[in-house]
$ cat work-v8.cif   # mmCIF, C-alpha atoms (C1' of nucleotides)
data_protein
#
loop_
_atom_site.label_atom_id
_atom_site.label_comp_id
_atom_site.auth_asym_id
_atom_site.auth_seq_id
_atom_site.Cartn_x
_atom_site.Cartn_y
_atom_site.Cartn_z
CA MET A 1213 28.29 123.72 -91.73
CA LYS A 1214 25.00 122.85 -90.14
CA ASP A 1215 24.50 124.31 -86.69
CA ASN A 1216 23.20 121.65 -84.37
CA GLY A 1217 23.05 123.99 -81.41
CA ILE A 1218 26.28 122.88 -79.79
CA LYS A 1219 29.53 124.71 -80.04
CA LYS A 1220 31.67 121.64 -80.07
CA CYS A 1221 34.86 122.58 -78.32
CA GLU A 1222 33.84 125.58 -76.31
CA GLU A 1223 30.97 124.09 -74.37
CA LYS A 1224 31.83 120.43 -74.35
CA CYS A 1225 35.48 120.74 -73.49
CA ALA A 1226 34.50 123.09 -70.69
CA LEU A 1227 32.45 120.28 -69.17
CA GLN A 1228 35.37 117.91 -69.57
CA GLU A 1229 37.60 120.44 -67.83
CA ILE A 1230 35.15 120.79 -64.95
CA LEU A 1231 34.94 117.04 -64.62
CA GLY A 1232 38.72 116.88 -64.54
CA VAL A 1233 38.53 118.96 -61.38
CA ILE A 1234 35.53 117.52 -59.55
CA GLY A 1235 34.52 114.52 -61.63
CA GLY A 1236 36.65 111.95 -59.87
CA LYS A 1237 34.84 109.10 -58.20
CA TRP A 1238 35.38 110.56 -54.74
CA SER A 1239 35.68 114.33 -55.18
CA MET A 1240 32.04 115.17 -54.65
CA SER A 1241 31.75 112.98 -51.57
CA ILE A 1242 34.74 114.73 -50.06
CA ILE A 1243 33.37 118.17 -50.90
CA TYR A 1244 30.03 117.14 -49.50
CA ALA A 1245 31.66 116.03 -46.26
CA LEU A 1246 33.39 119.40 -45.98
CA PHE A 1247 30.24 121.48 -46.45
CA ASN A 1248 29.58 121.49 -42.72
CA GLY A 1249 33.04 122.58 -41.70
CA LYS A 1250 36.67 121.56 -41.51
CA LYS A 1251 37.61 117.93 -41.09
CA ARG A 1252 40.73 116.03 -40.24
CA PHE A 1253 42.12 113.32 -42.49
CA SER A 1254 40.93 110.46 -40.32
CA GLU A 1255 37.50 112.02 -39.93
CA LEU A 1256 37.12 112.10 -43.70
CA GLU A 1257 38.18 108.48 -43.89
CA ARG A 1258 35.49 107.55 -41.41
CA LEU A 1259 32.83 109.76 -43.00
CA ILE A 1260 33.25 108.50 -46.54
CA PRO A 1261 32.32 104.84 -46.68
CA ASN A 1262 34.57 102.60 -48.77
CA ILE A 1263 37.13 105.20 -49.76
CA ASN A 1264 40.66 104.00 -49.25
CA THR A 1265 43.56 105.97 -47.84
CA ARG A 1266 45.43 106.15 -51.10
CA MET A 1267 42.49 107.63 -52.98
CA LEU A 1268 41.64 110.08 -50.23
CA VAL A 1269 45.20 111.38 -50.27
CA LYS A 1270 45.20 111.62 -54.06
CA GLU A 1271 41.88 113.41 -54.34
CA LEU A 1272 42.71 115.82 -51.54
CA LYS A 1273 46.01 116.66 -53.24
CA ASN A 1274 44.26 117.14 -56.56
CA MET A 1275 41.64 119.37 -55.02
CA GLU A 1276 44.23 121.35 -53.16
CA ALA A 1277 46.12 121.87 -56.43
CA ASN A 1278 42.86 123.02 -58.00
CA GLY A 1279 42.11 125.46 -55.22
CA ILE A 1280 39.03 123.69 -53.92
CA VAL A 1281 40.28 122.63 -50.52
CA SER A 1282 42.94 124.08 -48.28
CA ARG A 1283 45.17 122.15 -45.94
CA LYS A 1284 46.46 123.32 -42.57
CA ILE A 1285 49.03 121.39 -40.58
CA PHE A 1286 49.42 121.72 -36.82
CA ALA A 1287 52.59 120.53 -35.16
CA THR A 1288 50.77 118.61 -32.48
CA VAL A 1289 51.38 115.07 -31.30
CA PRO A 1290 49.99 113.06 -32.92
CA PRO A 1291 50.00 115.38 -35.96
CA THR A 1292 46.84 117.24 -36.90
CA VAL A 1293 45.90 118.19 -40.44
CA GLU A 1294 42.74 120.13 -41.16
CA TYR A 1295 41.01 120.24 -44.50
CA THR A 1296 38.61 123.08 -45.37
CA LEU A 1297 36.77 124.17 -48.49
CA THR A 1298 37.98 127.32 -50.16
CA THR A 1299 35.42 129.82 -51.48
CA LYS A 1300 35.73 128.14 -54.86
CA GLY A 1301 34.89 124.85 -53.20
CA GLU A 1302 31.98 126.23 -51.19
CA LYS A 1303 30.45 127.58 -54.36
CA LEU A 1304 29.88 124.00 -55.46
CA GLU A 1305 27.13 123.59 -52.91
CA PRO A 1306 24.22 124.47 -55.24
CA SER A 1307 25.54 122.10 -57.92
CA ILE A 1308 25.94 119.18 -55.57
CA ASN A 1309 22.60 119.87 -53.92
CA GLU A 1310 20.87 119.86 -57.31
CA LEU A 1311 22.51 116.54 -58.11
CA TYR A 1312 21.50 115.24 -54.75
CA LYS A 1313 17.90 116.32 -55.23
CA TRP A 1314 17.84 114.52 -58.57
CA GLY A 1315 19.18 111.44 -56.89
CA LEU A 1316 16.50 111.50 -54.20
CA GLU A 1317 13.81 111.51 -56.85
CA TYR A 1318 15.28 109.13 -59.38
CA VAL A 1319 17.92 106.89 -57.81
CA GLY A 1320 17.63 104.18 -55.18
CA MET T 69 28.13 109.67 -30.09
CA LYS T 70 28.83 113.18 -31.23
CA ASP T 71 26.64 114.39 -34.08
CA ASN T 72 28.78 115.99 -36.70
CA GLY T 73 25.85 116.85 -38.92
CA ILE T 74 26.29 114.04 -41.40
CA LYS T 75 24.28 110.88 -41.45
CA LYS T 76 27.06 108.69 -42.67
CA CYS T 77 25.44 106.06 -44.78
CA GLU T 78 22.18 107.64 -45.77
CA GLU T 79 23.43 110.83 -47.31
CA LYS T 80 26.91 109.89 -48.36
CA CYS T 81 26.09 106.59 -49.95
CA ALA T 82 23.30 108.28 -51.88
CA LEU T 83 25.90 110.49 -53.52
CA GLN T 84 27.99 107.43 -54.33
CA GLU T 85 24.96 105.77 -55.86
CA ILE T 86 24.20 108.84 -57.98
CA LEU T 87 27.78 108.94 -59.17
CA GLY T 88 27.55 105.29 -60.10
CA VAL T 89 24.85 106.29 -62.55
CA ILE T 90 26.12 109.57 -63.97
CA GLY T 91 29.62 109.86 -62.55
CA GLY T 92 31.49 108.09 -65.32
CA LYS T 93 34.08 110.10 -67.16
CA TRP T 94 31.81 110.64 -70.18
CA SER T 95 28.22 110.38 -68.91
CA MET T 96 27.65 114.08 -68.33
CA SER T 97 29.08 115.05 -71.68
CA ILE T 98 26.75 112.61 -73.39
CA ILE T 99 23.74 113.85 -71.43
CA TYR T 100 24.74 117.41 -72.22
CA ALA T 101 24.91 116.61 -75.91
CA LEU T 102 21.43 115.12 -75.75
CA PHE T 103 19.82 118.12 -74.06
CA ASN T 104 19.02 119.69 -77.40
CA GLY T 105 17.39 116.66 -78.92
CA LYS T 106 17.98 113.16 -80.19
CA LYS T 107 21.30 112.25 -81.71
CA ARG T 108 22.63 109.36 -83.71
CA PHE T 109 25.63 107.33 -82.59
CA SER T 110 28.00 108.92 -85.06
CA GLU T 111 26.75 112.40 -84.22
CA LEU T 112 27.60 111.81 -80.59
CA GLU T 113 31.04 110.59 -81.57
CA ARG T 114 31.63 113.78 -83.48
CA LEU T 115 30.14 116.03 -80.82
CA ILE T 116 32.11 114.69 -77.89
CA PRO T 117 35.78 115.42 -78.43
CA ASN T 118 38.21 112.62 -77.57
CA ILE T 119 35.68 109.99 -76.62
CA ASN T 120 36.36 106.65 -78.26
CA THR T 121 33.85 104.30 -79.79
CA ARG T 122 34.19 101.63 -77.15
CA MET T 123 33.56 104.06 -74.31
CA LEU T 124 30.63 105.70 -76.04
CA VAL T 125 29.01 102.31 -76.52
CA LYS T 126 29.68 101.33 -72.93
CA GLU T 127 28.35 104.55 -71.42
CA LEU T 128 25.27 104.55 -73.62
CA LYS T 129 24.53 100.97 -72.60
CA ASN T 130 25.03 101.84 -68.95
CA MET T 131 22.76 104.87 -69.20
CA GLU T 132 20.15 102.89 -71.06
CA ALA T 133 20.24 100.27 -68.31
CA ASN T 134 19.80 103.07 -65.78
CA GLY T 135 16.85 104.56 -67.62
CA ILE T 136 18.57 107.81 -68.55
CA VAL T 137 18.68 107.42 -72.32
CA SER T 138 16.49 105.48 -74.68
CA ARG T 139 17.61 103.82 -77.87
CA LYS T 140 15.59 103.49 -81.06
CA ILE T 141 16.75 101.40 -84.00
CA PHE T 142 15.56 101.95 -87.57
CA ALA T 143 16.05 99.17 -90.08
CA THR T 144 17.55 101.44 -92.70
CA VAL T 145 20.69 100.85 -94.71
CA PRO T 146 23.09 101.85 -93.38
CA PRO T 147 21.48 101.32 -89.99
CA THR T 148 20.17 104.25 -87.99
CA VAL T 149 20.12 104.36 -84.20
CA GLU T 150 18.71 107.31 -82.31
CA TYR T 151 19.52 108.16 -78.71
CA THR T 152 17.21 110.36 -76.64
CA LEU T 153 17.05 111.38 -73.01
CA THR T 154 14.27 109.89 -70.95
CA THR T 155 12.39 112.13 -68.51
CA LYS T 156 14.76 110.94 -65.80
CA GLY T 157 17.65 112.05 -67.99
CA GLU T 158 16.12 115.41 -68.86
CA LYS T 159 15.66 116.16 -65.20
CA LEU T 160 19.43 116.31 -64.91
CA GLU T 161 19.49 119.58 -66.80
CA PRO T 162 19.41 121.88 -63.73
CA SER T 163 22.21 119.89 -62.07
CA ILE T 164 24.47 119.98 -65.06
CA ASN T 165 23.71 123.62 -65.71
CA GLU T 166 24.63 124.51 -62.14
CA LEU T 167 27.88 122.64 -62.53
CA TYR T 168 28.49 124.37 -65.80
CA LYS T 169 27.84 127.80 -64.28
CA TRP T 170 30.32 127.04 -61.54
CA GLY T 171 32.83 126.03 -64.16
CA LEU T 172 32.39 129.26 -66.08
CA GLU T 173 33.21 131.25 -62.98
CA TYR T 174 35.95 129.12 -61.49
CA VAL T 175 37.55 126.89 -64.11
CA GLY T 176 39.63 127.74 -67.16
"C1'" DT X 767 58.91 97.44 -19.70
"C1'" DG X 768 56.25 95.99 -23.24
"C1'" DT X 769 52.67 96.57 -26.34
"C1'" DA X 770 48.96 98.57 -28.34
"C1'" DA X 771 46.83 102.52 -30.43
"C1'" DC X 772 46.53 107.07 -32.84
"C1'" DC X 773 47.61 110.01 -36.79
"C1'" DA X 774 48.70 111.11 -41.47
"C1'" DC X 775 50.29 109.33 -44.75
"C1'" DT X 776 53.39 105.96 -48.32
"C1'" DT X 777 54.39 101.80 -50.75
"C1'" DT X 778 53.46 97.69 -53.30
"C1'" DC X 779 51.08 94.82 -56.29
"C1'" DA X 780 46.91 93.03 -58.47
"C1'" DA X 781 42.57 94.19 -60.59
"C1'" DA X 782 39.61 97.20 -63.05
"C1'" DA X 783 38.84 100.77 -66.24
"C1'" DG X 784 40.12 103.33 -70.17
"C1'" DT X 785 42.50 104.09 -74.95
"C1'" DA X 786 43.88 103.12 -79.76
"C1'" DA X 787 43.35 100.91 -83.70
"C1'" DA X 788 41.65 97.57 -86.60
"C1'" DG X 789 37.75 94.52 -87.94
"C1'" DT X 790 32.54 93.18 -89.00
"C1'" DA X 791 28.18 93.31 -91.81
"C1'" DT X 792 25.38 95.61 -95.13
"C1'" DT X 793 24.65 98.06 -99.45
"C1'" DG X 794 24.54 102.02 -102.58
"C1'" DG X 795 27.47 104.85 -105.68
"C1'" DG X 796 31.40 105.87 -108.97
"C1'" DC C 1231 35.32 96.21 -108.09
"C1'" DC C 1232 36.57 99.38 -104.67
"C1'" DC C 1233 35.37 102.84 -101.52
"C1'" DA C 1234 32.31 105.08 -98.22
"C1'" DA C 1235 28.93 105.18 -94.54
"C1'" DT C 1236 26.75 103.34 -90.12
"C1'" DA C 1237 26.87 101.17 -85.66
"C1'" DC C 1238 29.12 98.73 -83.43
"C1'" DT C 1239 32.89 94.61 -81.70
"C1'" DT C 1240 37.39 92.84 -80.83
"C1'" DT C 1241 42.10 92.80 -79.41
"C1'" DA C 1242 46.08 94.51 -77.32
"C1'" DC C 1243 47.86 97.75 -74.43
"C1'" DT C 1244 48.30 101.67 -70.79
"C1'" DT C 1245 46.57 104.06 -66.90
"C1'" DT C 1246 44.00 104.35 -62.81
"C1'" DT C 1247 42.12 102.45 -58.79
"C1'" DG C 1248 41.75 99.26 -54.88
"C1'" DA C 1249 43.28 96.35 -50.89
"C1'" DA C 1250 46.51 95.70 -47.68
"C1'" DA C 1251 50.50 96.33 -45.24
"C1'" DG C 1252 54.20 99.50 -43.65
"C1'" DT C 1253 56.36 104.07 -41.66
"C1'" DG C 1254 57.64 107.14 -37.84
"C1'" DG C 1255 56.72 109.52 -33.99
"C1'" DT C 1256 54.16 109.70 -29.49
"C1'" DT C 1257 51.22 108.59 -25.77
"C1'" DA C 1258 48.13 105.65 -22.90
"C1'" DC C 1259 47.55 101.26 -20.57
"C1'" DA C 1260 48.90 97.07 -17.95
#
$ encode --input "work-v8.cif" --output "structure tokens"
Amino acid sequence: MKDNGIKKCEEKCALQEILGVIGGKWSMSIIYALFNGKKRFSELERLIPNINTRMLVKELKNMEANGIVSRKIFATVPPTVEYTLTTKGEKLEPSINELYKWGLEYVG
Amino acid sequence: MKDNGIKKCEEKCALQEILGVIGGKWSMSIIYALFNGKKRFSELERLIPNINTRMLVKELKNMEANGIVSRKIFATVPPTVEYTLTTKGEKLEPSINELYKWGLEYVG
DNA sequence: TGTAACCACTTTCAAAAGTAAAGTATTGGG
DNA sequence: CCCAATACTTTACTTTTGAAAGTGGTTACA
């Protein structure tokens, strides 16, 4: 078997797995919004243009399940829910910044 | 107006724009496969597990339109088509590597 | 007293995106 | 003559996403 320099299912599937966690259309925008501190649900809705409630809920749930954000509920009136990045989530900052830098140079 | 540290539509929409270009489910895997040199259509199909023909065609077309890959046709029989990264595409290497590094530490 | 607004969602239904599988055109080899 | 290889295209179907309205509890305003 010729070696083309790619280990098919170790490297490539890893990427697919990563994208399963943060590759959704909105995940990175949400993570980006959380880099400068905790946010409430409605704040995120306002900060992320064009996201809809349903998708924000879904992505937040997915990210919570994947240990990227954590959710804290306060029994206030009206109810308060705070979303924060976990350490795992914070560690995405260099990746997203690199992507962002690329975008500044090549997109728009 | 309180400044929460995010310029809503300058920074956030930029990320959305970037993801419009390389945020598709398969884009990064294709780019990753092209980092070590040009590949033919069928090679890409074999290298990227679970992608289907229709999606590979679509993503390649999209990336070509966005100046990330270039396509060269050779009038051989059977036909040969080579896909390469443009400079713009190659410049994504640090971003994808950062993401990959994060994945190694935190995913799987 | 009514009514409007805030918050954090949930529900519903249509539209868009993705998947699977088969088909197309060309030609060289057994 | 049939099969294989290449680079797609087409069709039919499933899944995901989007837009919009609704829920339930409370408080502020007139």
$ closest_atom_pairs --input "work-v8.cif" --of "chain A" --to "segment 127-150 of chain T" --cutoff "12 Å" --atoms "all atoms listed in the file" --output "tab-separated table"
residue	atom	partner	partner_atom	distance
A:Tyr1318	CA	T:Gly135	CA	9.6
A:Val1319	CA	T:Asn134	CA	9.0
A:Gly1320	CA	T:Asn134	CA	10.9
$ write_last_selection --input "work-v8.cif" --atoms "C-alpha atoms" --output "mmCIF file, in the coordinates of the input"
data_model
loop_
_atom_site.group_PDB
_atom_site.id
_atom_site.type_symbol
_atom_site.label_atom_id
_atom_site.label_comp_id
_atom_site.auth_asym_id
_atom_site.auth_seq_id
_atom_site.Cartn_x
_atom_site.Cartn_y
_atom_site.Cartn_z
ATOM 1 C CA TYR A 1318 15.280 109.130 -59.380
ATOM 2 C CA VAL A 1319 17.920 106.890 -57.810
ATOM 3 C CA GLY A 1320 17.630 104.180 -55.180
#
$ residues_around --input "work-v8.cif" --residues "Ile99 of chain T" --least-positions-apart "4" --cutoff "8 Å" --atoms "only C-alpha atoms (C1' of nucleotides)" --output "list in words"
Ser95, Phe103, Leu153 and Gly157 of chain T
$ residues_around --input "work-v8.cif" --residues "DT1245 of chain C" --least-positions-apart "3" --cutoff "10 Å" --atoms "all atoms listed in the file" --output "PDB file with C-alpha atoms (C1' of nucleotides), in the coordinates of the input"
ATOM      1  C1'  DA X 783      38.840 100.770 -66.240  1.00  0.00           C
ATOM      2  C1'  DG X 784      40.120 103.330 -70.170  1.00  0.00           C
ATOM      3  C1'  DT X 785      42.500 104.090 -74.950  1.00  0.00           C
TER       4       DT X 785
END
$ atom_distance --input "work-v8.cif" --atom1 "atom CA of Glu1305 of chain A" --atom2 "atom CA of Ile1242 of chain A"
12.0 Å
$ interface_residues --input "work-v8.cif" --of "chain C" --to "chain T" --cutoff "8 Å" --atoms "only C-alpha atoms (C1' of nucleotides)" --output "list in words"
DA1235, DT1236, DA1237 and DC1238 of chain C
$ resolve_selection --input "work-v8.cif" --expression "the PyMOL selection byres ((chain T and resi 96) around 10)" --output "VMD selection string"
(chain A and resid 1224 1227 to 1228 1231 1235) or (chain T and resid 90 to 95 97 to 102 160 to 161 164)
$ axis_aligned_box --input "work-v8.cif" --around "segment 1233-1242 of chain C" --padding-each-side "5 Å" --output "JSON"
{"center_x": 36.4, "center_y": 99.0, "center_z": -89.4, "size_x": 29.3, "size_y": 22.4, "size_z": 34.2}
$ resolve_selection --input "work-v8.cif" --expression "the PyMOL selection byres ((chain X) within 8 of (chain A))" --output "ChimeraX atom specification"
/X:772-775
$ write_last_selection --input "work-v8.cif" --atoms "C-alpha atoms (C1' of nucleotides)" --output "short mmCIF file (atom, residue, chain, number, x, y, z; two decimals), keeping the file's coordinate frame"
data_model
loop_
_atom_site.label_atom_id
_atom_site.label_comp_id
_atom_site.auth_asym_id
_atom_site.auth_seq_id
_atom_site.Cartn_x
_atom_site.Cartn_y
_atom_site.Cartn_z
"C1'" DC X 772 46.53 107.07 -32.84
"C1'" DC X 773 47.61 110.01 -36.79
"C1'" DA X 774 48.70 111.11 -41.47
"C1'" DC X 775 50.29 109.33 -44.75
#
